[in-house]
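Taking it in order: structure first as structure tokens, then the write-up.
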Amino acid sequence: MKEEQENRLFENQVAIVTGAGVGIGFEIARKLAKNGAKIILNDIDKNLAEKACQKITDEQGVCKAFAGDVSEMSVIQDVVKFTVDNFGRLDILVANAGITTFGDFWEYQPISMQHLLQVNLFGTFFLTQAATRKMVAQGQGGSVLLTSSVTAHAAHKNLAAYGMTKAAIDQLAKNLIVDLAPHGININTIVPGATLTERTLEDTEYISTWSRITPSGRPATIEDIAHAALFLVSPLSRQIMGQNLVIDGGWTSVGVSPYE
């Protein structure tokens, strides 16, 4: 789905993309808008959400910003209502909001676990519930995409708790096909590996390390992840359900540690 070959697959579709102020979430929202979708762009940071939405609008996309913490039930309910109030319907949910907490297993603290579970699991579960309730009521199906991580599939130092939450997200997508498929709603996860984002580029050795140990010879870009995401929420993938699509240049197949 190259931008110079926009096919408008998402014309008249309405999408919520959470955690989309920067990075992977922003690029997914941007590419959906480029291909015709109307976007509700969420981020916990109001300034980031508004700036990101303005970028999409400047590219002739249709976007409205909605700031808030989508691990809170009131915000979850409000973002779905805001979407329907502004665009009349909801067709696509990309539940990308999440946090990463690093910590040695022996020293990891309950307060860190509580926050991690609240955002990555509680928020993802109940946002999916609220969004798909609306899709079911509309009676025209829809698509849900959750964001996982290769840490759900391979061990990473100091990421035991985080990887556990991402494995749970993978399983949530597999399990929810029982509830969603009869209503014409498909659900899958994208599973990014090492990816060049604003955060990872703060590490000056990130590109060289992951280029050395990744079979493709480089870490992923946010465009790589967004292309996979667009396929999984498009009409081309309606028969793909409960799958976890790894986008890591082959890294999980060889499993070379970045810490050696």
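Each chain of the structure tokens is named A, B, ... in the order shown, its residues numbered from 1; ligands are numbered from 1 in display order.
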
What's around Asn186 of chain A at 7 Å? Count only C-alpha atoms, leave out sequence neighbours fewer than 5 positions away in its own chain, and write the answer as a PDB file with N, CA and C atoms, in the first residue's frame.
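Wrote it out as result-v8.pdb, contents follow:
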```pdb
ATOM      1  N   GLY A 142     -16.744  -5.242  11.057  1.00  0.00           N
ATOM      2  CA  GLY A 142     -15.670  -4.309  11.394  1.00  0.00           C
ATOM      3  C   GLY A 142     -14.364  -5.042  11.593  1.00  0.00           C
ATOM      4  N   SER A 143     -13.357  -4.301  12.013  1.00  0.00           N
ATOM      5  CA  SER A 143     -12.024  -4.868  12.236  1.00  0.00           C
ATOM      6  C   SER A 143     -11.427  -4.306  13.512  1.00  0.00           C
ATOM      7  N   VAL A 144     -10.725  -5.177  14.236  1.00  0.00           N
ATOM      8  CA  VAL A 144     -10.000  -4.781  15.434  1.00  0.00           C
ATOM      9  C   VAL A 144      -8.557  -5.260  15.290  1.00  0.00           C
ATOM     10  N   ILE A 177     -12.261 -14.265  18.725  1.00  0.00           N
ATOM     11  CA  ILE A 177     -12.920 -14.637  17.474  1.00  0.00           C
ATOM     12  C   ILE A 177     -14.230 -15.382  17.740  1.00  0.00           C
ATOM     13  N   LEU A 180     -16.604 -12.426  18.243  1.00  0.00           N
ATOM     14  CA  LEU A 180     -16.682 -11.394  17.211  1.00  0.00           C
ATOM     15  C   LEU A 180     -16.969 -11.924  15.811  1.00  0.00           C
ATOM     16  N   ALA A 181     -16.420 -13.068  15.471  1.00  0.00           N
ATOM     17  CA  ALA A 181     -16.577 -13.586  14.109  1.00  0.00           C
ATOM     18  C   ALA A 181     -18.040 -13.728  13.682  1.00  0.00           C
ATOM     19  N   ARG A 238     -10.511 -10.103   5.656  1.00  0.00           N
ATOM     20  CA  ARG A 238     -11.687 -10.441   6.460  1.00  0.00           C
ATOM     21  C   ARG A 238     -11.707 -11.901   6.935  1.00  0.00           C
ATOM     22  N   ILE A 240      -9.025 -13.522   7.859  1.00  0.00           N
ATOM     23  CA  ILE A 240      -7.898 -13.711   8.765  1.00  0.00           C
ATOM     24  C   ILE A 240      -8.356 -13.300  10.153  1.00  0.00           C
ATOM     25  N   MET A 241      -8.352 -14.252  11.085  1.00  0.00           N
ATOM     26  CA  MET A 241      -8.898 -13.992  12.413  1.00  0.00           C
ATOM     27  C   MET A 241      -8.043 -14.659  13.483  1.00  0.00           C
TER      28      MET A 241
END
```

Q: Quick one: everything within 12 Å of Glu27 of chain A, counting only C-alpha atoms, minus sequence neighbours fewer than 2 positions away in the same chain. Send it as a ChimeraX atom specification.
A: /A:3,17-25,29-34,39,41,52-53,55-56,94,96,196-197,221-230

Selection from above, N, CA and C atoms, as an mmCIF file, in the first residue's frame, can you write it?
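Generated file (part_36.cif):
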```
data_model
loop_
_atom_site.group_PDB
_atom_site.id
_atom_site.type_symbol
_atom_site.label_atom_id
_atom_site.label_comp_id
_atom_site.auth_asym_id
_atom_site.auth_seq_id
_atom_site.Cartn_x
_atom_site.Cartn_y
_atom_site.Cartn_z
ATOM 1 N N GLU A 3 2.131 4.960 -0.668
ATOM 2 C CA GLU A 3 1.345 6.181 -0.674
ATOM 3 C C GLU A 3 1.108 6.696 -2.089
ATOM 4 N N VAL A 17 -7.692 5.162 16.510
ATOM 5 C CA VAL A 17 -6.320 4.675 16.700
ATOM 6 C C VAL A 17 -5.815 5.275 18.002
ATOM 7 N N THR A 18 -5.492 4.421 18.970
ATOM 8 C CA THR A 18 -5.042 4.911 20.268
ATOM 9 C C THR A 18 -3.516 4.908 20.349
ATOM 10 N N GLY A 19 -3.010 5.695 21.288
ATOM 11 C CA GLY A 19 -1.562 5.804 21.430
ATOM 12 C C GLY A 19 -0.900 6.268 20.153
ATOM 13 N N ALA A 20 -1.499 7.261 19.504
ATOM 14 C CA ALA A 20 -1.120 7.610 18.129
ATOM 15 C C ALA A 20 -0.476 8.990 18.008
ATOM 16 N N GLY A 21 0.005 9.533 19.109
ATOM 17 C CA GLY A 21 0.642 10.834 19.028
ATOM 18 C C GLY A 21 1.957 10.815 18.281
ATOM 19 N N VAL A 22 2.663 9.712 18.388
ATOM 20 C CA VAL A 22 3.951 9.542 17.712
ATOM 21 C C VAL A 22 4.100 8.071 17.318
ATOM 22 N N GLY A 23 5.186 7.777 16.610
ATOM 23 C CA GLY A 23 5.609 6.404 16.382
ATOM 24 C C GLY A 23 4.676 5.562 15.546
ATOM 25 N N ILE A 24 4.563 4.307 15.918
ATOM 26 C CA ILE A 24 3.787 3.332 15.158
ATOM 27 C C ILE A 24 2.321 3.747 15.071
ATOM 28 N N GLY A 25 1.745 4.145 16.184
ATOM 29 C CA GLY A 25 0.332 4.529 16.187
ATOM 30 C C GLY A 25 0.051 5.679 15.240
ATOM 31 N N ALA A 29 -2.359 5.641 11.824
ATOM 32 C CA ALA A 29 -3.438 6.624 11.641
ATOM 33 C C ALA A 29 -3.233 7.408 10.350
ATOM 34 N N ARG A 30 -2.031 7.831 10.112
ATOM 35 C CA ARG A 30 -1.708 8.623 8.920
ATOM 36 C C ARG A 30 -2.009 7.844 7.642
ATOM 37 N N LYS A 31 -1.591 6.589 7.598
ATOM 38 C CA LYS A 31 -1.797 5.796 6.389
ATOM 39 C C LYS A 31 -3.275 5.428 6.199
ATOM 40 N N LEU A 32 -3.986 5.197 7.279
ATOM 41 C CA LEU A 32 -5.431 4.976 7.154
ATOM 42 C C LEU A 32 -6.105 6.204 6.556
ATOM 43 N N ALA A 33 -5.718 7.375 7.044
ATOM 44 C CA ALA A 33 -6.299 8.615 6.513
ATOM 45 C C ALA A 33 -5.937 8.804 5.047
ATOM 46 N N LYS A 34 -4.687 8.491 4.688
ATOM 47 C CA LYS A 34 -4.250 8.605 3.294
ATOM 48 C C LYS A 34 -5.105 7.736 2.371
ATOM 49 N N ILE A 39 -10.413 9.555 10.902
ATOM 50 C CA ILE A 39 -9.642 9.104 12.044
ATOM 51 C C ILE A 39 -10.006 9.854 13.316
ATOM 52 N N LEU A 41 -7.954 10.239 16.499
ATOM 53 C CA LEU A 41 -6.581 9.985 16.936
ATOM 54 C C LEU A 41 -6.469 10.256 18.424
ATOM 55 N N ALA A 52 -0.364 15.716 16.122
ATOM 56 C CA ALA A 52 -0.408 14.581 15.195
ATOM 57 C C ALA A 52 -1.610 14.688 14.272
ATOM 58 N N CYS A 53 -2.747 15.056 14.836
ATOM 59 C CA CYS A 53 -3.968 15.187 14.033
ATOM 60 C C CYS A 53 -3.822 16.312 13.009
ATOM 61 N N LYS A 55 -1.076 17.245 11.556
ATOM 62 C CA LYS A 55 -0.232 16.737 10.471
ATOM 63 C C LYS A 55 -1.066 15.966 9.454
ATOM 64 N N ILE A 56 -1.973 15.143 9.943
ATOM 65 C CA ILE A 56 -2.836 14.363 9.053
ATOM 66 C C ILE A 56 -3.783 15.280 8.280
ATOM 67 N N VAL A 94 -7.916 0.343 16.236
ATOM 68 C CA VAL A 94 -6.516 -0.037 16.393
ATOM 69 C C VAL A 94 -6.132 0.319 17.828
ATOM 70 N N ASN A 96 -3.645 0.535 20.082
ATOM 71 C CA ASN A 96 -2.194 0.588 20.086
ATOM 72 C C ASN A 96 -1.617 1.132 21.390
ATOM 73 N N LEU A 196 12.332 1.431 14.498
ATOM 74 C CA LEU A 196 12.880 2.775 14.643
ATOM 75 C C LEU A 196 11.761 3.756 14.972
ATOM 76 N N THR A 197 11.754 4.220 16.201
ATOM 77 C CA THR A 197 10.778 5.209 16.645
ATOM 78 C C THR A 197 11.525 6.326 17.371
ATOM 79 N N THR A 221 10.968 -0.105 10.200
ATOM 80 C CA THR A 221 10.542 1.286 10.280
ATOM 81 C C THR A 221 9.075 1.311 10.705
ATOM 82 N N ILE A 222 8.601 2.483 11.091
ATOM 83 C CA ILE A 222 7.180 2.579 11.430
ATOM 84 C C ILE A 222 6.318 2.333 10.195
ATOM 85 N N GLU A 223 6.851 2.614 9.022
ATOM 86 C CA GLU A 223 6.109 2.325 7.785
ATOM 87 C C GLU A 223 5.934 0.818 7.590
ATOM 88 N N ASP A 224 6.965 0.036 7.918
ATOM 89 C CA ASP A 224 6.847 -1.424 7.821
ATOM 90 C C ASP A 224 5.693 -1.932 8.673
ATOM 91 N N ILE A 225 5.606 -1.423 9.889
ATOM 92 C CA ILE A 225 4.552 -1.880 10.796
ATOM 93 C C ILE A 225 3.184 -1.400 10.318
ATOM 94 N N ALA A 226 3.123 -0.167 9.855
ATOM 95 C CA ALA A 226 1.840 0.391 9.406
ATOM 96 C C ALA A 226 1.308 -0.340 8.178
ATOM 97 N N HIS A 227 2.173 -0.742 7.259
ATOM 98 C CA HIS A 227 1.712 -1.481 6.083
ATOM 99 C C HIS A 227 1.028 -2.784 6.497
ATOM 100 N N ALA A 228 1.627 -3.488 7.452
ATOM 101 C CA ALA A 228 1.022 -4.733 7.931
ATOM 102 C C ALA A 228 -0.302 -4.454 8.629
ATOM 103 N N ALA A 229 -0.337 -3.384 9.412
ATOM 104 C CA ALA A 229 -1.563 -3.033 10.122
ATOM 105 C C ALA A 229 -2.701 -2.733 9.153
ATOM 106 N N LEU A 230 -2.409 -1.961 8.114
ATOM 107 C CA LEU A 230 -3.455 -1.609 7.151
ATOM 108 C C LEU A 230 -4.016 -2.853 6.473
#
```

**Q.** Test item: residues at most 9 Å from segment 102-117 of chain A, only C-alpha atoms, excluding those fewer than 6 positions along its chain, as a count of residues only
**A.** 8

Q. Which polymer residues have any atom within 8 Å of an atom of Pro215 of chain A, counting only C-alpha atoms, with same-chain residues fewer than 5 positions away left out, as an MDAnalysis selection string?
A. chainID A and resid 249:251 254

Q) So, counting only C-alpha atoms, which residue among A:Thr209, A:Thr100, A:Asn188, A:Thr204 is closest to Thr151 of chain A? A)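 Going through A:Thr209, A:Thr100, A:Asn188, A:Thr204 one by one, the smallest distance to Thr151 of chain A is for A:Thr100.
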
**Q.** Residue nearest Lys64 of chain A among A:Asn12, A:Asn47, A:Ser234, A:Asn86 (counting only C-alpha atoms)
**A.** A:Asn86

Q) What is the distance, in Å and to one decimal place, between atom CA of Asp43 of chain A and atom CA of Gln60 of chain A? A)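 Interatomic distance, atom CA of Asp43 of chain A to atom CA of Gln60 of chain A: 20.7 Å.
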
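The space separating atom CA of Val191 of chain A from atom CA of Ile99 of chain A comes to 14.8 Å.
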
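When only C-alpha atoms are used to measure the gap to Asp78 of chain A, the shortest distance among A:Ile169, A:Leu245, A:Ala152, A:Ile40 belongs to A:Ile40.
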
Q: Take atom CA of Ala67 of chain A and atom CA of Lys46 of chain A and report the distance between them in Å, one decimal.
A: 4.8 Å

Q | From A:Gln138, A:Ser253, A:Ser149, A:Ser237, residue lying nearest Thr195 of chain A [only C-alpha atoms] | A |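 Looking at the shortest contact to Thr195 of chain A, the residue is A:Ser149.
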
Q: Using backbone DSSP assignments, extract all strand (DSSP E or B) residues from segment 3-90 of chain A; output them as a ChimeraX atom specification.
A: /A:14-17,38-43,62-67

Q.
I'd like the contact shell of Gly163 of chain A - 9 Å cut-off, only C-alpha atoms, skipping same-chain residues fewer than 5 positions apart - returned as a PyMOL selection string.
A. chain A and resi 148-156+168

Output file for the residues above (all heavy atoms, as a PDB file, in the first residue's frame):
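selection-v1.pdb was written with the following content:
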```
ATOM      1  N   SER A 148       0.819  -6.046  19.825  1.00  0.00           N
ATOM      2  CA  SER A 148       1.576  -6.942  20.683  1.00  0.00           C
ATOM      3  C   SER A 148       3.059  -6.586  20.571  1.00  0.00           C
ATOM      4  O   SER A 148       3.427  -5.440  20.337  1.00  0.00           O
ATOM      5  CB  SER A 148       1.294  -8.390  20.279  1.00  0.00           C
ATOM      6  OG  SER A 148       2.054  -9.289  21.060  1.00  0.00           O
ATOM      7  N   SER A 149       3.933  -7.565  20.730  1.00  0.00           N
ATOM      8  CA  SER A 149       5.376  -7.342  20.689  1.00  0.00           C
ATOM      9  C   SER A 149       6.083  -8.685  20.573  1.00  0.00           C
ATOM     10  O   SER A 149       5.570  -9.710  21.048  1.00  0.00           O
ATOM     11  CB  SER A 149       5.839  -6.636  21.968  1.00  0.00           C
ATOM     12  OG  SER A 149       7.241  -6.730  22.130  1.00  0.00           O
ATOM     13  N   VAL A 150       7.277  -8.673  19.980  1.00  0.00           N
ATOM     14  CA  VAL A 150       8.065  -9.911  19.929  1.00  0.00           C
ATOM     15  C   VAL A 150       8.472 -10.372  21.325  1.00  0.00           C
ATOM     16  O   VAL A 150       8.843 -11.533  21.508  1.00  0.00           O
ATOM     17  CB  VAL A 150       9.324  -9.776  19.047  1.00  0.00           C
ATOM     18  CG1 VAL A 150       8.962  -9.631  17.587  1.00  0.00           C
ATOM     19  CG2 VAL A 150      10.223  -8.639  19.515  1.00  0.00           C
ATOM     20  N   THR A 151       8.366  -9.488  22.316  1.00  0.00           N
ATOM     21  CA  THR A 151       8.663  -9.928  23.677  1.00  0.00           C
ATOM     22  C   THR A 151       7.624 -10.914  24.198  1.00  0.00           C
ATOM     23  O   THR A 151       7.839 -11.551  25.231  1.00  0.00           O
ATOM     24  CB  THR A 151       8.741  -8.727  24.646  1.00  0.00           C
ATOM     25  OG1 THR A 151       7.484  -8.040  24.670  1.00  0.00           O
ATOM     26  CG2 THR A 151       9.849  -7.766  24.217  1.00  0.00           C
ATOM     27  N   ALA A 152       6.516 -11.056  23.484  1.00  0.00           N
ATOM     28  CA  ALA A 152       5.538 -12.093  23.806  1.00  0.00           C
ATOM     29  C   ALA A 152       5.973 -13.459  23.282  1.00  0.00           C
ATOM     30  O   ALA A 152       5.407 -14.481  23.664  1.00  0.00           O
ATOM     31  CB  ALA A 152       4.174 -11.743  23.218  1.00  0.00           C
ATOM     32  N   HIS A 153       6.977 -13.466  22.413  1.00  0.00           N
ATOM     33  CA  HIS A 153       7.387 -14.691  21.728  1.00  0.00           C
ATOM     34  C   HIS A 153       8.828 -15.099  22.013  1.00  0.00           C
ATOM     35  O   HIS A 153       9.228 -16.218  21.713  1.00  0.00           O
ATOM     36  CB  HIS A 153       7.216 -14.510  20.215  1.00  0.00           C
ATOM     37  CG  HIS A 153       5.810 -14.234  19.804  1.00  0.00           C
ATOM     38  ND1 HIS A 153       4.993 -15.190  19.223  1.00  0.00           N
ATOM     39  CD2 HIS A 153       5.043 -13.122  19.894  1.00  0.00           C
ATOM     40  CE1 HIS A 153       3.804 -14.673  18.973  1.00  0.00           C
ATOM     41  NE2 HIS A 153       3.807 -13.418  19.368  1.00  0.00           N
ATOM     42  N   ALA A 154       9.630 -14.174  22.539  1.00  0.00           N
ATOM     43  CA  ALA A 154      11.034 -14.464  22.813  1.00  0.00           C
ATOM     44  C   ALA A 154      11.464 -13.681  24.043  1.00  0.00           C
ATOM     45  O   ALA A 154      11.019 -12.554  24.256  1.00  0.00           O
ATOM     46  CB  ALA A 154      11.911 -14.079  21.611  1.00  0.00           C
ATOM     47  N   ALA A 155      12.335 -14.285  24.854  1.00  0.00           N
ATOM     48  CA  ALA A 155      12.753 -13.653  26.100  1.00  0.00           C
ATOM     49  C   ALA A 155      13.627 -12.434  25.847  1.00  0.00           C
ATOM     50  O   ALA A 155      14.505 -12.452  24.981  1.00  0.00           O
ATOM     51  CB  ALA A 155      13.520 -14.652  26.956  1.00  0.00           C
ATOM     52  N   HIS A 156      13.352 -11.376  26.604  1.00  0.00           N
ATOM     53  CA  HIS A 156      14.160 -10.166  26.591  1.00  0.00           C
ATOM     54  C   HIS A 156      14.531  -9.819  28.027  1.00  0.00           C
ATOM     55  O   HIS A 156      13.679  -9.852  28.924  1.00  0.00           O
ATOM     56  CB  HIS A 156      13.400  -8.986  25.972  1.00  0.00           C
ATOM     57  CG  HIS A 156      13.516  -8.894  24.497  1.00  0.00           C
ATOM     58  ND1 HIS A 156      14.161  -7.853  23.873  1.00  0.00           N
ATOM     59  CD2 HIS A 156      13.072  -9.700  23.521  1.00  0.00           C
ATOM     60  CE1 HIS A 156      14.108  -8.006  22.562  1.00  0.00           C
ATOM     61  NE2 HIS A 156      13.439  -9.125  22.320  1.00  0.00           N
ATOM     62  N   ALA A 168      -0.514 -11.974  26.610  1.00  0.00           N
ATOM     63  CA  ALA A 168      -1.945 -11.986  26.932  1.00  0.00           C
ATOM     64  C   ALA A 168      -2.752 -11.305  25.831  1.00  0.00           C
ATOM     65  O   ALA A 168      -3.867 -11.746  25.499  1.00  0.00           O
ATOM     66  CB  ALA A 168      -2.175 -11.279  28.268  1.00  0.00           C
TER      67      ALA A 168
END
```

Q: Would you list the contacts of Ala173 of chain A as a PyMOL selection string, taking every protein, DNA or RNA residue within 8 Å and counting only C-alpha atoms, but skipping same-chain residues closer than 5 positions in sequence?
A: chain A and resi 146+187-189+241-243

Q. Neighbours of Ala194 of chain A within 8 Å (only C-alpha atoms; same-chain residues fewer than 2 positions away dropped), as a list in words?
A.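 Once the adjacent positions are removed, what remains is Pro192, Leu196, Trp210, Pro219, Ala220 and Asp248 of chain A.
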
(Q) Nearest residue to Gly98 of chain A out of A:Val14, A:Asn42, A:Ala65, A:Gly141, using only C-alpha atoms? (A) A:Asn42

Q | Nearest to Ala130 of chain A by atom-to-atom distance, counting only C-alpha atoms, from A:Leu232, A:Ile92, A:Val80, A:Val256 | A |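 Nearest candidate to Ala130 of chain A out of A:Leu232, A:Ile92, A:Val80, A:Val256: A:Val80.
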